[in-house]
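Shown next: final-v8.tsv, containing TSV, C-alpha atoms.
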chain	number	residue	atom	x	y	z
B	9	MET	CA	22.20	62.32	42.12
B	10	THR	CA	24.35	64.44	39.83
B	11	ASP	CA	27.51	62.34	40.06
B	12	PRO	CA	26.93	58.59	39.58
B	13	TRP	CA	30.24	57.80	41.28
B	14	LEU	CA	29.16	59.40	44.57
B	15	ALA	CA	27.25	57.25	47.05
B	16	LEU	CA	24.93	59.89	48.54
B	17	ALA	CA	23.50	63.22	47.51
B	18	ALA	CA	24.02	66.03	50.00
B	19	ASP	CA	20.34	66.03	51.10
B	20	THR	CA	20.02	62.24	51.51
B	21	ASP	CA	19.52	60.77	54.97
B	22	PRO	CA	22.11	57.96	55.37
B	23	ASN	CA	19.89	55.82	57.60
B	24	THR	CA	17.01	55.95	55.12
B	25	ARG	CA	19.32	55.01	52.28
B	26	ILE	CA	20.84	52.11	54.25
B	27	GLY	CA	17.40	50.58	54.73
B	28	GLN	CA	16.55	50.99	51.05
B	29	LEU	CA	19.84	49.45	49.98
B	30	ARG	CA	19.47	46.46	52.29
B	31	ARG	CA	16.06	45.70	50.78
B	32	ALA	CA	17.47	46.14	47.28
B	33	HIS	CA	20.44	43.89	48.10
B	34	GLU	CA	18.07	41.20	49.38
B	35	ALA	CA	15.93	41.46	46.24
B	36	PHE	CA	18.99	41.06	44.04
B	37	THR	CA	20.66	38.21	45.92
B	38	THR	CA	17.44	36.21	46.27
B	39	ALA	CA	15.62	36.99	43.02
B	40	GLY	CA	18.22	38.64	40.77
B	41	ARG	CA	16.10	41.78	40.64
B	42	LEU	CA	17.63	45.27	40.68
B	43	GLU	CA	15.56	47.92	42.42
B	44	ARG	CA	15.92	51.59	43.20
B	45	PRO	CA	17.91	53.30	44.65
B	46	VAL	CA	20.81	51.14	43.44
B	47	ARG	CA	23.19	53.23	41.35
B	48	PRO	CA	24.10	51.91	37.87
B	49	VAL	CA	27.78	51.50	38.84
B	50	VAL	CA	26.73	49.38	41.82
B	51	GLY	CA	24.09	47.40	39.93
B	52	GLU	CA	26.58	46.52	37.20
B	53	SER	CA	29.11	45.52	39.86
B	54	TRP	CA	26.52	43.32	41.61
B	55	ARG	CA	25.89	41.58	38.28
B	56	ARG	CA	29.61	40.99	37.80
B	57	SER	CA	29.85	39.66	41.35
B	58	ALA	CA	26.96	37.27	40.75
B	59	ARG	CA	28.47	36.06	37.46
B	60	ALA	CA	31.70	35.37	39.35
B	61	ARG	CA	29.63	33.29	41.82
B	62	VAL	CA	30.59	35.38	44.84
B	63	SER	CA	28.53	34.35	47.86
B	64	PRO	CA	26.98	37.38	49.62
B	65	ASP	CA	27.71	35.68	52.92
B	66	GLY	CA	31.30	34.85	52.01
B	67	ALA	CA	34.56	36.51	52.96
B	68	ALA	CA	37.75	37.63	51.26
B	69	LEU	CA	40.52	35.05	51.33
B	70	VAL	CA	44.01	35.82	52.61
B	71	GLU	CA	46.37	34.67	49.84
B	72	LEU	CA	49.70	36.24	50.76
B	73	GLY	CA	51.12	35.16	54.10
B	74	PRO	CA	53.84	37.11	55.94
B	75	ASP	CA	56.65	35.27	54.18
B	76	ASP	CA	55.30	36.11	50.71
B	77	LEU	CA	53.80	39.52	51.40
B	78	GLY	CA	56.99	41.40	52.32
B	79	PRO	CA	59.09	40.50	49.27
B	80	TYR	CA	56.14	40.93	46.91
B	81	ARG	CA	55.18	44.41	48.02
B	82	ASP	CA	58.80	45.56	48.39
B	83	GLY	CA	59.25	44.84	44.69
B	84	HIS	CA	55.88	46.18	43.60
B	85	PRO	CA	55.82	49.26	41.33
B	86	LEU	CA	53.66	51.10	43.89
B	87	ALA	CA	56.15	50.70	46.73
B	88	PRO	CA	58.08	53.89	45.82
B	89	ALA	CA	54.82	55.87	46.01
B	90	MET	CA	53.92	54.78	49.54
B	91	PRO	CA	55.77	57.64	51.33
B	92	VAL	CA	53.70	60.17	49.36
B	93	ILE	CA	50.46	58.25	49.96
B	94	ARG	CA	51.17	58.02	53.69
B	95	GLU	CA	52.07	61.69	53.93
B	96	LEU	CA	48.82	62.75	52.27
B	97	MET	CA	46.48	60.22	53.85
B	98	GLY	CA	48.03	59.29	57.18
B	99	ALA	CA	46.61	62.12	59.28
B	100	TYR	CA	43.23	61.93	57.51
B	101	ALA	CA	42.96	58.23	58.29
B	102	THR	CA	44.12	58.51	61.91
B	103	ASP	CA	42.02	61.56	62.81
B	104	GLY	CA	38.88	60.10	61.27
B	105	GLU	CA	39.52	56.56	62.57
B	106	HIS	CA	39.65	55.36	58.98
B	107	LEU	CA	41.97	52.88	57.26
B	108	LEU	CA	44.36	53.65	54.44
B	109	ALA	CA	44.74	50.72	52.06
B	110	VAL	CA	46.64	50.14	48.82
B	111	CYS	CA	46.05	47.08	46.66
B	112	ASP	CA	47.68	45.68	43.53
B	113	ALA	CA	45.99	45.30	40.14
B	114	HIS	CA	44.59	41.92	41.25
B	115	GLY	CA	42.85	43.48	44.25
B	116	ARG	CA	45.24	42.04	46.84
B	117	LEU	CA	45.73	44.38	49.78
B	118	LEU	CA	49.43	45.16	50.15
B	119	TRP	CA	49.26	47.90	52.77
B	120	VAL	CA	46.50	48.45	55.35
B	121	GLU	CA	47.27	51.15	57.90
B	122	GLY	CA	45.33	53.14	60.47
B	123	PRO	CA	44.21	53.20	64.12
B	124	ALA	CA	44.60	49.88	65.95
B	125	ALA	CA	40.91	49.69	66.95
B	126	THR	CA	39.75	50.23	63.37
B	127	ARG	CA	42.19	47.62	62.10
B	128	ARG	CA	40.94	45.08	64.64
B	129	ALA	CA	37.36	45.69	63.49
B	130	ALA	CA	38.43	45.33	59.84
B	131	ASP	CA	40.29	42.11	60.67
B	132	ARG	CA	36.91	40.46	61.32
B	133	MET	CA	35.99	40.81	57.63
B	134	ASN	CA	39.52	39.93	56.41
B	135	PHE	CA	40.26	43.48	55.28
B	136	VAL	CA	43.91	42.73	55.98
B	137	GLU	CA	47.21	42.77	54.17
B	138	GLY	CA	47.49	39.83	51.79
B	139	ALA	CA	43.72	39.38	51.27
B	140	ARG	CA	42.19	39.51	47.79
B	141	TRP	CA	39.46	42.15	47.43
B	142	SER	CA	38.90	42.03	43.69
B	143	GLU	CA	35.27	42.02	42.60
B	144	ALA	CA	35.56	38.43	41.39
B	145	ALA	CA	36.70	37.32	44.84
B	146	ALA	CA	34.94	39.68	47.28
B	147	GLY	CA	32.14	41.26	45.28
B	148	THR	CA	31.39	44.97	45.10
B	149	ASN	CA	33.81	47.07	47.17
B	150	ALA	CA	35.62	50.33	46.48
B	151	PRO	CA	39.17	49.10	45.68
B	152	GLY	CA	37.96	46.08	43.70
B	153	THR	CA	35.34	48.06	41.78
B	154	ALA	CA	37.70	50.97	41.12
B	155	ILE	CA	40.07	48.52	39.43
B	156	ALA	CA	37.25	46.83	37.53
B	157	VAL	CA	35.88	50.07	36.04
B	158	ASP	CA	39.15	52.06	36.13
B	159	ARG	CA	37.40	54.99	37.83
B	160	PRO	CA	37.36	56.50	41.34
B	161	VAL	CA	34.27	55.21	43.15
B	162	GLN	CA	32.55	55.24	46.53
B	163	VAL	CA	30.77	52.19	47.93
B	164	PHE	CA	28.37	52.88	50.79
B	165	ALA	CA	27.09	50.43	53.40
B	166	ALA	CA	24.74	47.85	51.80
B	167	GLU	CA	26.06	48.66	48.34
B	168	HIS	CA	28.78	46.15	49.28
B	169	PHE	CA	27.98	42.73	47.88
B	170	LEU	CA	29.24	40.87	50.95
B	171	ARG	CA	26.87	41.26	53.90
B	172	PRO	CA	29.66	41.19	56.53
B	173	VAL	CA	31.11	44.34	54.89
B	174	GLN	CA	27.90	46.37	54.83
B	175	GLN	CA	28.66	48.29	58.03
B	176	TRP	CA	31.57	49.94	56.21
B	177	THR	CA	31.90	52.70	53.61
B	178	CYS	CA	34.91	53.18	51.37
B	179	ALA	CA	36.24	55.33	48.55
B	180	ALA	CA	39.00	54.29	46.17
B	181	ALA	CA	40.79	55.46	43.05
B	182	PRO	CA	42.89	53.45	40.60
B	183	LEU	CA	46.64	54.01	40.36
B	184	HIS	CA	48.29	53.91	36.94
B	185	ASP	CA	51.73	53.56	35.48
B	186	PRO	CA	52.41	57.20	34.49
B	187	HIS	CA	54.06	56.22	31.19
B	188	THR	CA	51.92	53.35	29.92
B	189	GLY	CA	48.59	54.02	31.62
B	190	ARG	CA	48.45	50.42	32.90
B	191	VAL	CA	46.50	49.97	36.15
B	192	LEU	CA	48.94	49.14	38.96
B	193	GLY	CA	46.42	48.98	41.78
B	194	ALA	CA	44.20	51.30	43.82
B	195	VAL	CA	44.35	53.54	46.87
B	196	ASP	CA	41.44	53.29	49.31
B	197	ILE	CA	40.06	54.95	52.41
B	198	THR	CA	37.73	52.74	54.49
B	199	GLY	CA	35.68	53.61	57.55
B	200	GLY	CA	32.18	54.56	58.65
B	201	ASP	CA	29.24	56.35	57.06
B	202	ARG	CA	30.99	59.73	57.25
B	203	LEU	CA	33.02	58.70	54.21
B	204	ALA	CA	29.87	58.84	52.06
B	205	HIS	CA	30.73	62.43	51.19
B	206	PRO	CA	31.99	64.04	47.97
B	207	HIS	CA	35.19	65.11	49.76
B	208	SER	CA	36.37	61.55	50.35
B	209	LEU	CA	36.09	60.64	46.67
B	210	ALA	CA	37.85	63.83	45.59
B	211	PHE	CA	40.50	63.20	48.23
B	212	VAL	CA	41.48	59.70	47.11
B	213	GLN	CA	41.46	60.86	43.50
B	214	ALA	CA	43.88	63.66	44.37
B	215	VAL	CA	46.10	61.22	46.28
B	216	ALA	CA	46.16	58.89	43.27
B	217	ARG	CA	47.20	61.74	40.97
B	218	ALA	CA	49.96	62.79	43.37
B	219	ALA	CA	51.24	59.21	43.62
B	220	GLU	CA	51.30	58.86	39.83
B	221	SER	CA	53.16	62.16	39.49
B	222	HIS	CA	55.71	60.95	42.04
B	223	LEU	CA	56.23	57.71	40.10
B	224	ALA	CA	56.70	59.71	36.90
B	225	LEU	CA	59.52	61.65	38.53
B	226	LEU	CA	61.21	58.50	39.82
B	227	ARG	CA	60.93	56.47	36.63
B	228	PRO	CA	62.27	57.85	33.37
B	229	SER	CA	60.20	57.80	30.21
B	230	PRO	CA	60.91	55.12	27.61
B	231	ALA	CA	64.10	55.66	25.65
B	232	ALA	CA	63.89	58.22	22.88
B	233	GLY	CA	63.16	56.63	19.55
B	234	THR	CA	61.39	53.62	21.08
B	235	LEU	CA	57.69	53.03	20.50
B	236	ARG	CA	55.75	51.67	23.48
B	237	LEU	CA	52.67	49.65	22.48
B	238	ASN	CA	50.09	48.53	25.06
B	239	ALA	CA	47.59	46.15	23.52
B	240	LEU	CA	46.84	43.58	26.24
B	241	GLY	CA	43.34	43.68	27.68
B	242	ARG	CA	42.14	46.46	25.41
B	243	ASP	CA	40.48	46.62	21.99
B	244	GLU	CA	42.10	49.95	21.17
B	245	ALA	CA	45.83	49.91	21.76
B	246	LEU	CA	47.77	52.77	23.32
B	247	LEU	CA	50.93	53.92	21.56
B	248	VAL	CA	53.47	56.05	23.42
B	249	THR	CA	55.99	57.81	21.21
B	250	GLY	CA	57.98	61.01	21.52
B	251	GLY	CA	56.04	62.15	24.57
B	252	ARG	CA	52.72	61.54	22.80
B	253	ARG	CA	50.06	59.05	23.93
B	254	ILE	CA	47.99	57.95	20.96
B	255	ARG	CA	44.87	55.87	21.32
B	256	LEU	CA	44.59	53.81	18.16
B	257	SER	CA	41.50	52.56	16.37
B	258	ARG	CA	40.92	48.82	16.39
B	259	ARG	CA	42.24	48.36	12.83
B	260	HIS	CA	45.29	50.55	13.48
B	261	SER	CA	45.90	48.55	16.67
B	262	GLU	CA	45.90	45.34	14.63
B	263	ILE	CA	48.31	46.81	12.09
B	264	LEU	CA	50.81	47.93	14.72
B	265	ALA	CA	50.59	44.68	16.68
B	266	THR	CA	51.27	42.76	13.47
B	267	LEU	CA	54.16	44.97	12.38
B	268	ALA	CA	55.65	44.92	15.89
B	269	ARG	CA	56.08	41.16	15.49
B	270	ARG	CA	57.60	41.52	12.03
B	271	PRO	CA	60.29	44.22	12.24
B	272	GLU	CA	61.60	43.21	8.80
B	273	GLY	CA	58.29	44.36	7.34
B	274	LEU	CA	55.48	42.91	5.24
B	275	THR	CA	54.36	43.48	1.68
B	276	GLY	CA	50.88	44.79	1.07
B	277	ASP	CA	49.64	41.33	0.05
B	278	GLU	CA	51.18	39.72	3.14
B	279	LEU	CA	49.68	42.35	5.44
B	280	LEU	CA	46.28	41.89	3.78
B	281	VAL	CA	46.33	38.16	4.63
B	282	GLU	CA	47.44	38.85	8.21
B	283	LEU	CA	44.71	41.40	8.90
B	284	TYR	CA	41.53	40.35	7.12
B	285	GLU	CA	39.45	37.20	7.48
B	286	ASP	CA	37.37	38.27	4.50
B	287	GLU	CA	39.26	37.43	1.32
B	288	SER	CA	37.11	39.87	-0.62
B	289	VAL	CA	38.76	42.87	1.07
B	290	THR	CA	40.81	44.68	-1.54
B	291	PRO	CA	44.32	46.15	-1.33
B	292	VAL	CA	42.74	49.58	-1.77
B	293	THR	CA	41.00	49.22	1.60
B	294	LEU	CA	44.27	48.36	3.31
B	295	ARG	CA	46.16	51.20	1.63
B	296	ALA	CA	43.51	53.64	2.85
B	297	GLU	CA	43.95	52.39	6.45
B	298	LEU	CA	47.73	52.65	6.18
B	299	SER	CA	47.46	56.15	4.78
B	300	ARG	CA	45.33	57.23	7.74
B	301	LEU	CA	47.76	55.57	10.16
B	302	ARG	CA	50.73	57.33	8.52
B	303	ARG	CA	49.02	60.70	8.95
B	304	LEU	CA	48.44	59.88	12.61
B	305	LEU	CA	51.97	58.66	13.37
B	306	GLY	CA	53.96	60.72	10.91
B	307	PRO	CA	55.66	59.52	7.71
B	308	GLU	CA	58.96	58.98	9.52
B	309	LEU	CA	57.52	56.18	11.68
B	310	LEU	CA	55.53	54.11	9.20
B	311	LEU	CA	57.58	53.15	6.15
B	312	SER	CA	56.52	51.30	3.02
B	313	ARG	CA	57.95	48.80	0.52
B	314	PRO	CA	57.73	46.78	2.64
B	315	TYR	CA	55.44	48.17	5.33
B	316	ARG	CA	57.41	48.41	8.57
B	317	LEU	CA	58.07	50.61	11.58
B	318	SER	CA	61.21	52.68	11.60
B	319	ALA	CA	61.74	52.48	15.38
B	320	PRO	CA	61.99	49.50	17.75
B	321	VAL	CA	58.73	48.59	19.45
B	322	ASP	CA	58.49	47.77	23.16
B	323	ALA	CA	55.16	45.90	23.21
B	324	ASP	CA	53.52	44.64	26.40
B	325	PHE	CA	52.73	41.27	24.80
B	326	ASP	CA	56.40	40.83	23.88
B	327	THR	CA	57.32	41.57	27.50
B	328	VAL	CA	55.09	38.70	28.66
B	329	ALA	CA	56.55	36.34	26.04
B	330	ARG	CA	60.15	37.21	26.97
B	331	ARG	CA	59.52	36.62	30.65
B	332	LEU	CA	57.87	33.27	29.96
B	333	THR	CA	60.82	32.22	27.83
B	334	SER	CA	63.19	33.01	30.68
B	335	GLY	CA	61.05	31.10	33.18
B	336	ALA	CA	59.92	34.21	35.07
B	337	VAL	CA	56.28	33.11	35.36
B	338	ALA	CA	55.29	35.51	38.15
B	339	ALA	CA	56.81	38.45	36.29
B	340	ALA	CA	55.06	37.37	33.08
B	341	LEU	CA	51.69	37.24	34.83
B	342	ALA	CA	52.32	40.64	36.41
B	343	ALA	CA	52.81	42.12	32.94
B	344	TYR	CA	49.74	40.38	31.51
B	345	THR	CA	46.71	42.66	31.74
B	346	GLY	CA	44.35	40.63	29.58
B	347	PRO	CA	44.08	38.96	26.18
B	348	LEU	CA	45.69	40.71	23.23
B	349	LEU	CA	43.13	42.97	21.48
B	350	PRO	CA	40.31	40.68	22.69
B	351	GLY	CA	37.74	41.85	20.14
B	352	SER	CA	40.04	41.48	17.14
B	353	ARG	CA	39.33	38.93	14.42
B	354	ALA	CA	42.53	39.63	12.48
B	355	PRO	CA	44.19	36.24	11.80
B	356	SER	CA	47.63	37.40	12.94
B	357	VAL	CA	46.23	38.76	16.21
B	358	ILE	CA	44.16	35.63	16.88
B	359	ARG	CA	47.23	33.43	16.45
B	360	LEU	CA	49.37	35.55	18.73
B	361	ARG	CA	46.60	35.92	21.33
B	362	ARG	CA	45.99	32.16	21.52
B	363	ARG	CA	49.69	31.32	21.63
B	364	LEU	CA	50.41	33.78	24.42
B	365	ASP	CA	47.39	32.73	26.50
B	366	GLU	CA	48.12	29.02	26.11
B	367	GLN	CA	51.78	29.44	27.03
B	368	LEU	CA	50.97	31.50	30.11
B	369	ARG	CA	48.18	29.17	31.28
B	370	ALA	CA	50.40	26.12	30.83
B	371	ALA	CA	53.20	27.78	32.78
B	372	LEU	CA	50.84	28.67	35.63
B	373	VAL	CA	49.41	25.16	35.87
B	374	ALA	CA	52.89	23.63	35.76
B	375	ARG	CA	54.14	26.00	38.48
B	376	GLY	CA	51.20	25.16	40.76
B	377	ASP	CA	51.57	28.34	42.80
B	378	PRO	CA	48.16	29.07	44.39
B	379	GLY	CA	48.65	32.84	44.38
B	380	LEU	CA	49.52	32.95	40.69
B	381	LEU	CA	46.74	30.54	39.77
B	382	ALA	CA	44.26	32.68	41.73
B	383	ASP	CA	45.39	35.81	39.88
B	384	TRP	CA	44.36	34.12	36.63
B	385	ALA	CA	41.24	32.37	37.94
B	386	TYR	CA	39.75	35.49	39.50
B	387	SER	CA	40.40	37.63	36.41
B	388	PRO	CA	37.66	38.32	33.83
B	389	TRP	CA	39.45	36.11	31.31
B	390	GLY	CA	39.99	33.27	33.77
B	391	GLU	CA	36.65	33.08	35.57
B	392	ASP	CA	35.48	30.13	33.40
B	393	ASP	CA	38.88	28.48	32.88
B	394	LEU	CA	38.20	25.00	34.26
B	395	PRO	CA	41.78	23.61	34.12
B	396	VAL	CA	43.11	26.59	36.07
B	397	TRP	CA	40.35	26.32	38.70
B	398	GLU	CA	41.13	22.61	39.04
B	399	ALA	CA	44.82	23.38	39.49
B	400	LEU	CA	43.99	26.09	42.04
B	401	ALA	CA	41.76	23.75	44.04
B	402	ALA	CA	44.59	21.21	44.14
B	403	ALA	CA	47.17	23.80	45.20
B	404	VAL	CA	45.45	25.58	48.11
B	405	PRO	CA	45.41	24.45	51.76
B	406	ALA	CA	42.66	21.97	52.64
B	407	GLY	CA	40.59	24.59	54.47
B	408	GLN	CA	40.15	26.67	51.32
B	409	ARG	CA	39.43	23.71	49.05
B	410	PRO	CA	35.64	23.15	49.48
B	411	ALA	CA	34.60	26.50	47.97
B	412	LEU	CA	36.98	26.04	45.05
B	413	LEU	CA	35.82	22.48	44.41
B	414	ALA	CA	32.23	23.76	44.30
B	415	ARG	CA	33.31	26.23	41.63
B	416	VAL	CA	35.04	23.43	39.70
B	417	ARG	CA	31.90	21.28	39.79
B	418	ALA	CA	29.74	24.18	38.59
B	419	LEU	CA	32.08	24.99	35.71
B	420	ASP	CA	32.34	21.32	34.75
B	421	ALA	CA	28.55	21.03	34.60
B	422	GLU	CA	28.23	24.20	32.52
B	423	GLN	CA	30.88	23.18	30.00
B	424	ARG	CA	29.63	19.63	29.35
Serialized structure, structure tokens:
Amino acid sequence: MTDPWLALAADTDPNTRIGQLRRAHEAFTTAGRLERPVRPVVGESWRRSARARVSPDGAALVELGPDDLGPYRDGHPLAPAMPVIRELMGAYATDGEHLLAVCDAHGRLLWVEGPAATRRAADRMNFVEGARWSEAAAGTNAPGTAIAVDRPVQVFAAEHFLRPVQQWTCAAAPLHDPHTGRVLGAVDITGGDRLAHPHSLAFVQAVARAAESHLALLRPSPAAGTLRLNALGRDEALLVTGGRRIRLSRRHSEILATLARRPEGLTGDELLVELYEDESVTPVTLRAELSRLRRLLGPELLLSRPYRLSAPVDADFDTVARRLTSGAVAAALAAYTGPLLPGSRAPSVIRLRRRLDEQLRAALVARGDPGLLADWAYSPWGEDDLPVWEALAAAVPAGQRPALLARVRALDAEQR
């Protein structure tokens, strides 16, 4: 296999591989043992699925009913790209008896389109609009795994973690905000074994690029002179300025996140306290970091005496905080892509990260909306969050409650 993201090599017999994968899936789900020919991307996804306590005999849950689905997807950032996606994929899906699907960043299917017979067959495994197909909810599958690894990926037959899905093959590619790089969702093609071909993966990747280009034309770039800082859910922040996209080191990310919160600026001594746990770190070390950052950004952006940024900063964590303050909990959660610089130990970042997470969690629990609670609970940062799982179990219809209560009991036992 030359490309780890492809399900089958050109000379591989699909039926032989299906048998091998079924045996490997059984070995993993019964004994936790990974065997050949499981690809690394699939093996890692199986491990994530197991950690999330996904049952291999389970099913995806439908979370958005008809009343909620329409307004949500009409206002979703991917809605303007759907005409382009349909134009490129519609005939391919119909002629091949495949399904076209587009999900949001939480793995919820917003659009599922294709031949009626194929849709009826997919209905039996809840591959329907409104169902959550994230890895944490439905195990290894192309749209959920593409979002998890932020790469186009194929998932073939028994590579799926859920046994009821193993008669299907799918290929998916993530869709990004063209200006910030944030994952908005994924585009997927689902059908039979014929999709286990390099062309299907290249095809969905090309569709994703075309959709992103279309969104870039429809949505203007950030205002000139404004810095855009994306630091949620990533250890190395992304700075967008003057048409440039700059991936920052961890320390430079911490500096910019700290200065973004203090537009009036900080002295060298104040910045030293905000950034370093170790009191033995000298001002010389900090000045060296600031000098490197100034060379990267340009002297006109990073000023000194005090240290400050010369342009306003539009930071993703500030967006979440503003929306929470205004009571827009759903919009705040939509903008939240993970903890702020999760690997950072800088005191200022730790304080801001904890404050933001606590405020958002409290708002979600107080709102009691099962869809919003599920978005947090099924995320990597929420998979062990007992209070949120308890709130989710209390908020869902009675028929969905037993599985969630089992998760609550397991988490409670682990955390005692």
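Residues in contact with B:Arg300 at 12 Å, where all atoms listed in the file are counted and same-chain residues fewer than 5 positions away are skipped, are listed as Leu256, Ser257, Arg259, His260, Ile263, Thr293, Leu294, Arg295, Leu305, Gly306, Pro307 and Leu310 of chain B.
Using all atoms listed in the file, the smallest distance between any of B:Leu274, B:Leu413, B:Ala239, B:Ala89 and B:Val195 comes from B:Ala89.
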Counting only C-alpha atoms, which residues in stretch 210-276 of chain B sit no more than 9 Å from stretch 353-366 of chain B? For each one, give the nearest pair of atoms and the distance in Å, sorted by chain then residue number, as JSON lines.
{"residue": "B:Arg259", "atom": "CA", "partner": "B:Ala354", "partner_atom": "CA", "distance": 8.7}
{"residue": "B:Glu262", "atom": "CA", "partner": "B:Val357", "partner_atom": "CA", "distance": 6.8}
{"residue": "B:Ala265", "atom": "CA", "partner": "B:Val357", "partner_atom": "CA", "distance": 7.4}
{"residue": "B:Thr266", "atom": "CA", "partner": "B:Ser356", "partner_atom": "CA", "distance": 6.5}
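Among B:Ser261, B:Thr38, B:Asn134, B:Ser299, the residue with the shortest atom-to-atom distance to B:Ser352, counting only C-alpha atoms, is B:Ser261.
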**OP:** Tell me which protein, DNA and RNA residues are within 8 Å of B:Arg236, counting only C-alpha atoms, leaving out same-chain ones fewer than 3 positions away, and put them as a list of chain:residue names.
**Re:** B:Thr188, B:Pro230, B:Leu247, B:Val248, B:Thr249, B:Val321, B:Asp322, B:Ala323, B:Asp324
